[in-house]
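Raw contents of work_12.cif, mmCIF, C-alpha atoms:
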data_protein
#
loop_
_atom_site.label_atom_id
_atom_site.label_comp_id
_atom_site.auth_asym_id
_atom_site.auth_seq_id
_atom_site.Cartn_x
_atom_site.Cartn_y
_atom_site.Cartn_z
CA MET K 1 0.00 0.00 0.00
CA ASN K 2 1.44 3.38 -0.99
CA PHE K 3 -0.09 6.57 0.30
CA ILE K 4 0.80 10.06 1.43
CA ILE K 5 0.23 10.78 5.10
CA ARG K 6 0.53 14.53 4.98
CA ARG K 7 2.46 17.48 3.56
CA ALA K 8 4.15 19.66 6.16
CA ARG K 9 3.03 23.24 5.80
CA LYS K 10 6.40 24.81 6.52
CA MET K 11 9.07 22.32 5.42
CA LYS K 12 7.24 20.77 2.45
CA GLN K 13 8.21 17.20 3.27
CA ILE K 14 5.97 14.34 2.28
CA ILE K 15 5.84 11.28 4.53
CA ILE K 16 5.12 7.99 2.79
CA ARG K 17 4.38 4.84 4.75
CA GLU K 18 5.00 1.41 3.24
CA PRO K 19 6.52 2.97 0.09
CA LYS K 20 6.25 0.42 -2.73
CA ASN K 21 8.86 2.22 -4.85
CA TYR K 22 11.48 1.93 -2.12
CA PRO K 23 11.47 -1.65 -0.79
CA GLY K 24 13.65 -2.00 2.28
CA CYS K 25 12.33 1.30 3.68
CA ASP K 26 9.41 1.32 6.12
CA PHE K 27 8.97 5.06 5.61
CA VAL K 28 10.19 7.67 3.15
CA VAL K 29 10.57 11.39 3.77
CA GLU K 30 10.25 12.84 0.30
CA LEU K 31 11.75 16.22 -0.59
CA GLY K 32 11.12 17.99 -3.90
CA LYS K 33 13.48 18.90 -6.70
CA ASP K 34 13.85 22.39 -5.21
CA ARG K 35 16.03 20.73 -2.54
CA LYS K 36 18.69 19.56 -4.98
CA GLU K 37 20.80 22.63 -4.33
CA THR K 38 20.20 22.88 -0.59
CA PRO K 39 21.54 20.51 2.09
CA VAL K 40 19.24 17.99 3.75
CA LYS K 41 19.30 18.41 7.54
CA LEU K 42 18.63 15.88 10.28
CA LEU K 43 18.44 16.83 13.96
CA GLN K 44 19.24 14.32 16.69
CA LEU K 45 17.62 14.73 20.09
CA THR K 46 18.53 12.40 22.92
CA ASP K 47 18.00 11.63 26.60
CA MET K 48 15.25 14.10 27.41
CA GLN K 49 14.19 11.86 30.35
CA ILE K 50 11.26 14.12 31.19
CA ILE K 51 10.26 13.68 34.84
CA ASP K 52 6.93 14.40 36.51
CA ALA K 53 7.89 14.60 40.17
CA GLU K 54 4.24 14.27 41.19
CA GLN K 55 4.25 10.71 39.86
CA ARG K 56 7.22 9.53 41.93
CA ARG K 57 6.61 6.05 43.32
CA ARG K 58 8.25 6.70 46.71
CA PRO K 59 8.19 9.93 48.74
CA ASP K 60 11.99 9.79 49.13
CA ARG K 61 12.76 8.88 45.50
CA ILE K 62 14.00 12.41 44.72
CA SER K 63 15.01 15.43 46.80
CA SER K 64 12.79 18.34 47.78
CA GLY K 65 14.65 20.53 45.30
CA GLU K 66 13.99 18.06 42.51
CA ILE K 67 10.34 17.79 43.46
CA ALA K 68 9.99 21.56 43.21
CA ALA K 69 11.91 21.78 39.92
CA TRP K 70 10.42 18.80 38.10
CA GLN K 71 6.73 19.63 38.21
CA PRO K 72 4.61 18.97 35.09
CA GLU K 73 4.04 22.68 34.51
CA LYS K 74 7.84 22.97 33.97
CA PHE K 75 7.92 20.64 30.94
CA MET K 76 8.28 23.56 28.51
CA ASP K 77 10.93 25.35 30.58
CA LEU K 78 13.06 22.25 31.07
CA PHE K 79 12.66 20.62 27.66
CA GLY K 80 10.13 22.17 25.27
CA ASN K 81 11.69 25.61 24.91
CA HIS K 82 15.13 24.09 24.34
CA ALA K 83 13.71 21.89 21.57
CA LEU K 84 11.99 24.90 20.00
CA SER K 85 15.33 26.72 20.00
CA LEU K 86 17.03 23.81 18.24
CA ALA K 87 14.30 23.51 15.61
CA ALA K 88 14.44 27.26 14.93
CA GLN K 89 18.23 27.23 14.61
CA THR K 90 18.50 24.20 12.35
CA LYS K 91 15.20 23.97 10.42
CA PRO K 92 15.54 20.18 10.06
CA ASP K 93 13.86 18.00 7.46
CA LEU K 94 13.72 15.14 9.96
CA ILE K 95 14.20 14.80 13.71
CA PHE K 96 15.44 11.46 15.03
CA ILE K 97 15.45 10.64 18.73
CA THR K 98 17.87 8.16 20.29
CA GLY K 99 15.95 7.11 23.37
CA ASP K 100 14.87 8.07 26.88
CA LEU K 101 12.02 10.28 25.76
CA VAL K 102 10.65 10.16 29.32
CA TYR K 103 11.75 8.72 32.65
CA GLY K 104 9.19 5.93 32.89
CA GLN K 105 9.43 5.51 36.67
CA PHE K 106 7.84 8.97 36.88
CA ASP K 107 5.14 8.37 34.28
CA ASP K 108 2.98 5.46 35.41
CA LYS K 109 -0.12 7.35 34.23
CA GLY K 110 1.40 7.96 30.80
CA THR K 111 0.58 11.67 30.87
CA THR K 112 4.21 12.72 30.31
CA PHE K 113 4.53 10.45 27.28
CA GLU K 114 1.28 11.87 25.93
CA TRP K 115 2.58 15.41 26.44
CA PHE K 116 5.84 14.56 24.68
CA CYS K 117 4.07 13.14 21.64
CA SER K 118 1.76 16.16 21.49
CA PHE K 119 4.71 18.54 21.70
CA MET K 120 6.64 16.78 18.93
CA GLU K 121 3.55 16.83 16.73
CA SER K 122 3.25 20.59 17.26
CA LEU K 123 6.62 21.09 15.52
CA ASP K 124 5.08 19.80 12.26
CA ILE K 125 8.33 18.05 11.36
CA PRO K 126 8.71 14.30 10.75
CA TRP K 127 10.19 12.63 13.83
CA ALA K 128 11.61 9.13 14.24
CA PRO K 129 12.15 7.80 17.80
CA VAL K 130 13.52 4.67 19.42
CA PHE K 131 13.22 3.70 23.06
CA GLY K 132 15.98 4.06 25.63
CA ASN K 133 16.50 2.20 28.88
CA HIS K 134 14.04 4.30 30.91
CA ASP K 135 10.97 4.80 28.69
CA ASN K 136 9.37 1.40 29.25
CA GLU K 137 9.55 1.59 33.06
CA SER K 138 6.10 3.19 32.97
CA GLN K 139 3.24 1.02 34.21
CA ARG K 140 1.21 2.07 31.16
CA GLY K 141 3.35 -0.45 29.28
CA VAL K 142 5.36 -0.50 26.10
CA ASP K 143 2.43 -1.59 23.92
CA TRP K 144 0.49 1.53 24.90
CA GLN K 145 3.57 3.67 24.21
CA CYS K 146 3.95 2.07 20.77
CA ASP K 147 0.29 2.81 20.04
CA MET K 148 0.84 6.46 20.96
CA LEU K 149 3.81 6.73 18.60
CA GLU K 150 2.20 4.88 15.71
CA ASN K 151 -0.94 7.02 16.00
CA SER K 152 0.98 10.32 15.89
CA LYS K 153 0.63 11.52 12.30
CA ASN K 154 4.12 13.04 11.97
CA CYS K 155 5.85 10.21 13.82
CA LEU K 156 7.82 7.57 11.92
CA PHE K 157 7.79 4.53 14.19
CA LYS K 158 7.27 0.83 13.60
CA ARG K 159 7.40 -1.89 16.22
CA GLY K 160 8.97 -4.31 13.80
CA GLU K 161 8.83 -8.08 13.85
CA VAL K 162 12.22 -8.79 15.44
CA ASP K 163 13.60 -8.26 18.96
CA GLY K 164 12.45 -5.16 20.81
CA HIS K 165 10.12 -2.34 19.83
CA GLY K 166 11.19 0.10 17.15
CA ASN K 167 13.33 -1.57 14.47
CA TYR K 168 12.65 0.18 11.18
CA SER K 169 14.29 2.01 8.28
CA VAL K 170 13.59 5.52 7.00
CA GLY K 171 14.56 6.63 3.51
CA ILE K 172 15.14 10.23 2.46
CA THR K 173 14.56 11.16 -1.18
CA VAL K 174 15.29 14.32 -3.13
CA ASP K 175 13.34 14.66 -6.39
CA GLY K 176 12.63 10.92 -6.29
CA GLU K 177 16.23 9.82 -5.70
CA LEU K 178 16.94 7.89 -2.50
CA VAL K 179 19.91 9.77 -1.05
CA ARG K 180 20.17 8.36 2.49
CA VAL K 181 18.68 5.67 4.74
CA LEU K 182 18.36 5.87 8.52
CA HIS K 183 18.18 2.52 10.33
CA MET K 184 16.60 2.81 13.80
CA ALA K 185 17.12 0.01 16.33
CA ASP K 186 15.99 -0.83 19.86
CA SER K 187 19.06 -1.40 22.05
CA HIS K 188 16.84 -2.60 24.92
CA GLY K 189 18.14 -2.05 28.45
CA CYS K 190 14.86 -1.46 30.25
CA LEU K 191 12.89 -4.68 30.23
CA ARG K 192 15.93 -6.83 29.38
CA ALA K 193 19.72 -6.69 29.07
CA PRO K 194 21.08 -4.18 26.53
CA ALA K 195 21.63 -5.80 23.15
CA LEU K 196 21.62 -5.51 19.40
CA THR K 197 20.73 -9.06 18.44
CA ASP K 198 21.61 -10.96 15.28
CA ALA K 199 17.94 -10.79 14.28
CA GLN K 200 18.04 -7.00 14.43
CA LEU K 201 21.26 -6.81 12.42
CA GLU K 202 19.90 -9.31 9.92
CA LEU K 203 16.83 -7.10 9.42
CA ILE K 204 19.11 -4.20 8.49
CA SER K 205 21.10 -6.46 6.17
CA SER K 206 17.90 -7.60 4.47
CA ASN K 207 16.66 -4.02 4.08
CA THR K 208 20.02 -2.96 2.65
CA ALA K 209 19.90 -5.76 0.06
CA GLU K 210 16.36 -4.79 -0.98
CA ILE K 211 17.33 -1.14 -1.28
CA LYS K 212 20.35 -1.92 -3.46
CA LYS K 213 18.30 -4.21 -5.71
CA SER K 214 15.50 -1.69 -6.21
CA GLN K 215 17.70 1.38 -6.62
CA GLY K 216 20.44 -0.30 -8.64
CA LYS K 217 23.16 1.12 -6.39
CA ASP K 218 24.48 1.28 -2.86
CA VAL K 219 22.71 3.97 -0.83
CA PRO K 220 24.64 5.47 2.12
CA ALA K 221 23.06 4.95 5.51
CA PHE K 222 23.09 5.90 9.19
CA MET K 223 22.25 3.76 12.20
CA ALA K 224 20.76 5.12 15.43
CA PHE K 225 20.04 3.49 18.79
CA HIS K 226 20.32 4.35 22.49
CA ILE K 227 23.10 2.42 24.25
CA PRO K 228 26.50 2.45 22.44
CA THR K 229 28.34 -0.64 21.28
CA GLU K 230 31.85 -1.61 22.36
CA LEU K 231 33.11 0.12 19.21
CA PHE K 232 32.64 3.53 20.85
CA ASP K 233 34.89 2.54 23.76
CA GLU K 234 37.45 1.05 21.38
CA ALA K 235 37.53 4.19 19.23
CA GLU K 236 38.30 6.70 21.98
CA MET K 237 41.06 4.49 23.37
CA ALA K 238 42.58 3.72 19.96
CA LYS K 239 42.78 7.42 19.12
CA GLY K 240 44.41 8.24 22.46
CA TYR K 241 41.62 10.41 23.84
CA THR K 242 41.17 8.44 27.03
CA THR K 243 43.53 6.41 29.18
CA GLU K 244 43.19 4.66 32.52
CA GLU K 245 45.10 7.51 34.17
CA HIS K 246 43.16 10.25 32.37
CA PRO K 247 39.61 9.02 31.69
CA PHE K 248 38.07 12.45 30.99
CA TYR K 249 38.91 14.69 28.07
CA ALA K 250 37.90 17.48 25.75
CA ILE K 251 39.21 16.89 22.24
CA GLY K 252 41.74 19.57 21.32
CA VAL K 253 42.09 20.66 24.96
CA ASP K 254 43.06 17.69 27.13
CA ALA K 255 43.93 15.49 24.15
CA PRO K 256 45.24 16.43 20.69
CA GLN K 257 42.55 16.45 18.00
CA LYS K 258 42.76 13.74 15.36
CA GLY K 259 41.25 14.67 12.00
CA ASN K 260 37.89 16.39 12.42
CA ASP K 261 36.96 14.69 15.69
CA PHE K 262 35.37 16.92 18.34
CA GLY K 263 33.51 16.96 21.62
CA PHE K 264 34.11 16.13 25.27
CA SER K 265 33.74 13.15 27.58
CA TYR K 266 33.42 13.59 31.32
CA GLU K 267 31.94 10.20 31.98
CA VAL K 268 33.40 6.69 31.95
CA LEU K 269 31.66 4.15 29.74
CA LYS K 270 30.33 1.57 32.19
CA GLU K 271 27.86 -0.13 29.89
CA THR K 272 28.20 -0.98 26.21
CA ILE K 273 26.61 -3.49 23.87
CA HIS K 274 28.45 -6.54 22.60
CA THR K 275 27.52 -7.76 19.11
CA GLU K 276 28.01 -11.34 17.98
CA ARG K 277 29.55 -10.30 14.67
CA ASP K 278 32.35 -7.89 13.72
CA PHE K 279 30.47 -4.59 14.01
CA VAL K 280 32.83 -2.57 11.79
CA GLU K 281 32.53 -5.14 9.05
CA PHE K 282 28.76 -5.15 9.45
CA LEU K 283 28.58 -1.36 9.15
CA HIS K 284 30.71 -1.32 5.99
CA GLU K 285 28.59 -4.06 4.41
CA GLN K 286 25.42 -2.00 5.04
CA ASN K 287 26.99 1.23 3.68
CA ILE K 288 26.65 2.76 7.17
CA ASP K 289 29.09 5.62 7.66
CA GLY K 290 27.53 7.23 10.76
CA VAL K 291 26.28 5.72 14.04
CA PHE K 292 24.35 7.87 16.53
CA THR K 293 23.69 7.02 20.18
CA GLY K 294 23.01 8.67 23.55
CA HIS K 295 22.61 7.17 27.04
CA TRP K 296 25.63 8.93 28.59
CA HIS K 297 24.65 12.51 29.38
CA ASN K 298 28.18 13.85 29.82
CA LYS K 299 29.63 12.37 26.63
CA CYS K 300 29.06 14.24 23.38
CA THR K 301 31.85 13.24 21.02
CA CYS K 302 32.11 12.67 17.29
CA ILE K 303 35.00 10.32 16.50
CA ASP K 304 35.85 9.05 13.02
CA TYR K 305 37.01 5.45 13.37
CA ASN K 306 37.58 2.95 10.57
CA GLY K 307 35.65 5.12 8.16
CA VAL K 308 32.59 5.50 10.40
CA LYS K 309 31.63 8.56 12.43
CA LEU K 310 30.66 7.43 15.95
CA VAL K 311 28.49 10.11 17.54
CA PHE K 312 27.25 10.64 21.07
CA GLY K 313 24.43 13.14 20.70
CA LEU K 314 24.36 16.26 22.86
CA LYS K 315 21.85 15.74 25.67
CA THR K 316 18.55 17.54 25.14
CA GLY K 317 16.81 19.23 28.08
CA GLN K 318 17.62 19.78 31.73
CA TYR K 319 16.24 16.63 33.36
CA ASP K 320 18.42 14.21 35.34
CA TYR K 321 22.20 14.70 35.41
CA HIS K 322 23.99 16.88 32.89
CA ILE K 323 26.62 19.60 32.62
CA ALA K 324 25.09 23.06 33.01
CA GLY K 325 25.35 24.94 29.72
CA SER K 326 26.00 21.83 27.63
CA ILE K 327 22.61 20.75 26.40
CA GLY K 328 21.09 20.95 22.96
CA GLY K 329 21.00 18.66 19.93
CA THR K 330 23.14 17.31 17.12
CA LEU K 331 22.79 18.51 13.53
CA VAL K 332 23.62 16.23 10.61
CA THR K 333 23.92 18.00 7.26
CA LEU K 334 23.90 15.96 4.05
CA CYS K 335 25.89 17.38 1.16
CA LYS K 336 25.66 15.00 -1.82
CA ASP K 337 27.58 11.84 -0.80
CA LYS K 338 29.16 13.44 2.28
CA PHE K 339 27.81 14.65 5.60
CA ASP K 340 28.85 16.92 8.44
CA VAL K 341 28.03 16.62 12.14
CA CYS K 342 27.98 19.42 14.72
CA HIS K 343 26.52 19.88 18.18
CA ILE K 344 24.01 22.73 18.48
CA PRO K 345 23.59 24.25 21.96
CA SER K 346 20.22 25.49 23.07
CA LEU K 347 20.05 29.29 23.12
CA VAL K 348 17.24 29.41 25.69
CA PRO K 349 18.20 30.56 29.22
CA PHE K 350 18.32 27.67 31.63
CA ALA K 351 15.54 27.10 34.11
CA PRO K 352 16.70 26.84 37.76
CA MET K 353 18.87 23.79 38.41
CA ALA K 354 17.61 21.15 40.82
CA ARG K 355 20.83 19.43 41.83
CA HIS K 356 23.76 21.90 42.07
CA ASP K 357 25.95 19.91 44.48
CA TYR K 358 25.32 16.62 42.71
CA PHE K 359 26.36 17.93 39.32
CA LYS K 360 29.39 19.76 40.69
CA ASN K 361 30.76 16.56 42.20
CA PHE K 362 29.57 14.18 39.50
CA PHE K 363 32.90 13.51 37.78
CA VAL K 364 34.29 10.42 39.46
CA LYS K 365 36.31 7.64 37.93
CA GLU K 366 34.49 4.74 39.52
#
Would you write out, as structure tokens, the structure that this file holds?
Amino acid sequence: MNFIIRRARKMKQIIIREPKNYPGCDFVVELGKDRKETPVKLLQLTDMQIIDAEQRRRPDRISSGEIAAWQPEKFMDLFGNHALSLAAQTKPDLIFITGDLVYGQFDDKGTTFEWFCSFMESLDIPWAPVFGNHDNESQRGVDWQCDMLENSKNCLFKRGEVDGHGNYSVGITVDGELVRVLHMADSHGCLRAPALTDAQLELISSNTAEIKKSQGKDVPAFMAFHIPTELFDEAEMAKGYTTEEHPFYAIGVDAPQKGNDFGFSYEVLKETIHTERDFVEFLHEQNIDGVFTGHWHNKCTCIDYNGVKLVFGLKTGQYDYHIAGSIGGTLVTLCKDKFDVCHIPSLVPFAPMARHDYFKNFFVKE
């Protein structure tokens, strides 16, 4: 079945679900021929972890300062206005979200998730999310959350028929030509151990083969999920950015910059995903030259390793732990067969912080 869902009033994208002309893609964001001379822009948001303090399960779950700061009427101040700033700065054709939309332990009624979906819809921009390790903690359940996403008209989300919820592929076309594919995957971590299973990777392989057959060529692709693989840890060590003696760094400040790498890391990777196959080889076989993750709020690096850009997105919004002044999003700009990545800080003044002492003393090795 091939049909148009809607035409965005401002950005003039067309969203196509189940596009018969692009097998291997679950969705297509179609841009017109007027976009041939202008870059295609994707905006990554990650780790919003919106908290409704009124829904805390235990009275002592969070501090009095957090209770005061994380009230539902503060959703716009702590997240929404920052997202509006990012959208205004970047004018993206597509927003993709790498998990932890809400902090599920504080959303058993589902009202925060409903608010988030409504807010994203108000942007009138196609948005493609995957779950993180906190979303599904809500007692409303993951099936209800999936229903909310699939029933949001601007949302590109498909549960998929393999492990997890949210394994799907989005194509981007310009004047009918498929110029880029975005593979979204559920890295789990909430209801089960973090993983990218062979079934998930095989789905991407199958989609890649269908795309190549139908288009008569290899189409470059990205992959996005929440919890990073071991490759991210390997890359920062191999390039000399982190050592056991000096675990924290800002590229070009504490460690010499290699190539066009950038960003900072003030957090030790304590949890990564192991894959059963050689992940670099897998990425090359699927024409994937960029991998985007989140999960660690104080890591926002872009490291080119073995021909693949490994990107920790800049945390979006002020909930849970983060470095004051370092929140925003990550802009990906497509220029023909190449792409650029840069972090975009929010330009909205910060709402009052809830946890001054905690954040000041957060940087510990263990």
With a distance cut-off of 9 Å and all atoms listed in the file, select the neighbouring residues of Gly328 of chain K, excluding the residue or stretch itself and same-chain residues fewer than 5 positions from it, and output the selection as a ChimeraX atom specification. /K:45-46,82-83,85-86,313-317,343-347
Run the PyMOL selection byres ((chain K and resi 288) around 8) against the file shown and list the residues it catches, as a list of chain:residue names.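 When the PyMOL selection byres ((chain K and resi 288) around 8) is applied, the selected residues are K:Pro220, K:Ala221, K:Phe222, K:Met223, K:Leu283, K:His284, K:Glu285, K:Gln286, K:Asn287, K:Asp289, K:Gly290, K:Val291, K:Val308.
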Carefully work through the PyMOL selection byres ((chain K and resi 60-70) around 9) for this structure and note down the residues it includes, as a PDB file with C-alpha atoms, in the coordinates of the input.
ATOM      1  CA  ILE K  50      11.260  14.120  31.190  1.00  0.00           C
ATOM      2  CA  ILE K  51      10.260  13.680  34.840  1.00  0.00           C
ATOM      3  CA  ASP K  52       6.930  14.400  36.510  1.00  0.00           C
ATOM      4  CA  ALA K  53       7.890  14.600  40.170  1.00  0.00           C
ATOM      5  CA  GLU K  54       4.240  14.270  41.190  1.00  0.00           C
ATOM      6  CA  ARG K  56       7.220   9.530  41.930  1.00  0.00           C
ATOM      7  CA  ARG K  57       6.610   6.050  43.320  1.00  0.00           C
ATOM      8  CA  ARG K  58       8.250   6.700  46.710  1.00  0.00           C
ATOM      9  CA  PRO K  59       8.190   9.930  48.740  1.00  0.00           C
ATOM     10  CA  GLN K  71       6.730  19.630  38.210  1.00  0.00           C
ATOM     11  CA  PRO K  72       4.610  18.970  35.090  1.00  0.00           C
ATOM     12  CA  GLU K  73       4.040  22.680  34.510  1.00  0.00           C
ATOM     13  CA  LYS K  74       7.840  22.970  33.970  1.00  0.00           C
ATOM     14  CA  PHE K  75       7.920  20.640  30.940  1.00  0.00           C
ATOM     15  CA  LEU K  78      13.060  22.250  31.070  1.00  0.00           C
ATOM     16  CA  TYR K 319      16.240  16.630  33.360  1.00  0.00           C
ATOM     17  CA  ALA K 351      15.540  27.100  34.110  1.00  0.00           C
ATOM     18  CA  PRO K 352      16.700  26.840  37.760  1.00  0.00           C
ATOM     19  CA  MET K 353      18.870  23.790  38.410  1.00  0.00           C
ATOM     20  CA  ALA K 354      17.610  21.150  40.820  1.00  0.00           C
ATOM     21  CA  ARG K 355      20.830  19.430  41.830  1.00  0.00           C
TER      22      ARG K 355
END
Applying 12 Å and only C-alpha atoms, which residues near Ile172 of chain K remain after dropping the ones on its own chain fewer than 6 positions away? List them as a ChimeraX atom specification. /K:13-16,19,22,25-32,35,40-42,93-94,126,178-183,219-222,334
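The set of protein, DNA and RNA residues with any counted atom at most 7 Å from (30.0, 12.9, 25.4) (all atoms listed in the file) reads K:Gly263, K:Phe264, K:Ser265, K:Tyr266, K:Trp296, K:His297, K:Asn298, K:Lys299, K:Cys300, K:Thr301, K:Phe312.
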Explicit residues for the PyMOL selection byres ((chain K and resi 185-201) around 6) (as a list in words): Asn133, His134, Gly164, Gly166, Asn167, Met184, Glu202, Leu203, Ile204, Phe225, His226, Ile227 and Ile273 of chain K
Write the residues you've just listed into a file as a JSON list (two decimals), in the frame of the given file, and include C-alpha atoms for each of them.
[["chain", "number", "residue", "atom", "x", "y", "z"],
["K", 133, "ASN", "CA", 16.50, 2.20, 28.88],
["K", 134, "HIS", "CA", 14.04, 4.30, 30.91],
["K", 164, "GLY", "CA", 12.45, -5.16, 20.81],
["K", 166, "GLY", "CA", 11.19, 0.10, 17.15],
["K", 167, "ASN", "CA", 13.33, -1.57, 14.47],
["K", 184, "MET", "CA", 16.60, 2.81, 13.80],
["K", 202, "GLU", "CA", 19.90, -9.31, 9.92],
["K", 203, "LEU", "CA", 16.83, -7.10, 9.42],
["K", 204, "ILE", "CA", 19.11, -4.20, 8.49],
["K", 225, "PHE", "CA", 20.04, 3.49, 18.79],
["K", 226, "HIS", "CA", 20.32, 4.35, 22.49],
["K", 227, "ILE", "CA", 23.10, 2.42, 24.25],
["K", 273, "ILE", "CA", 26.61, -3.49, 23.87]]
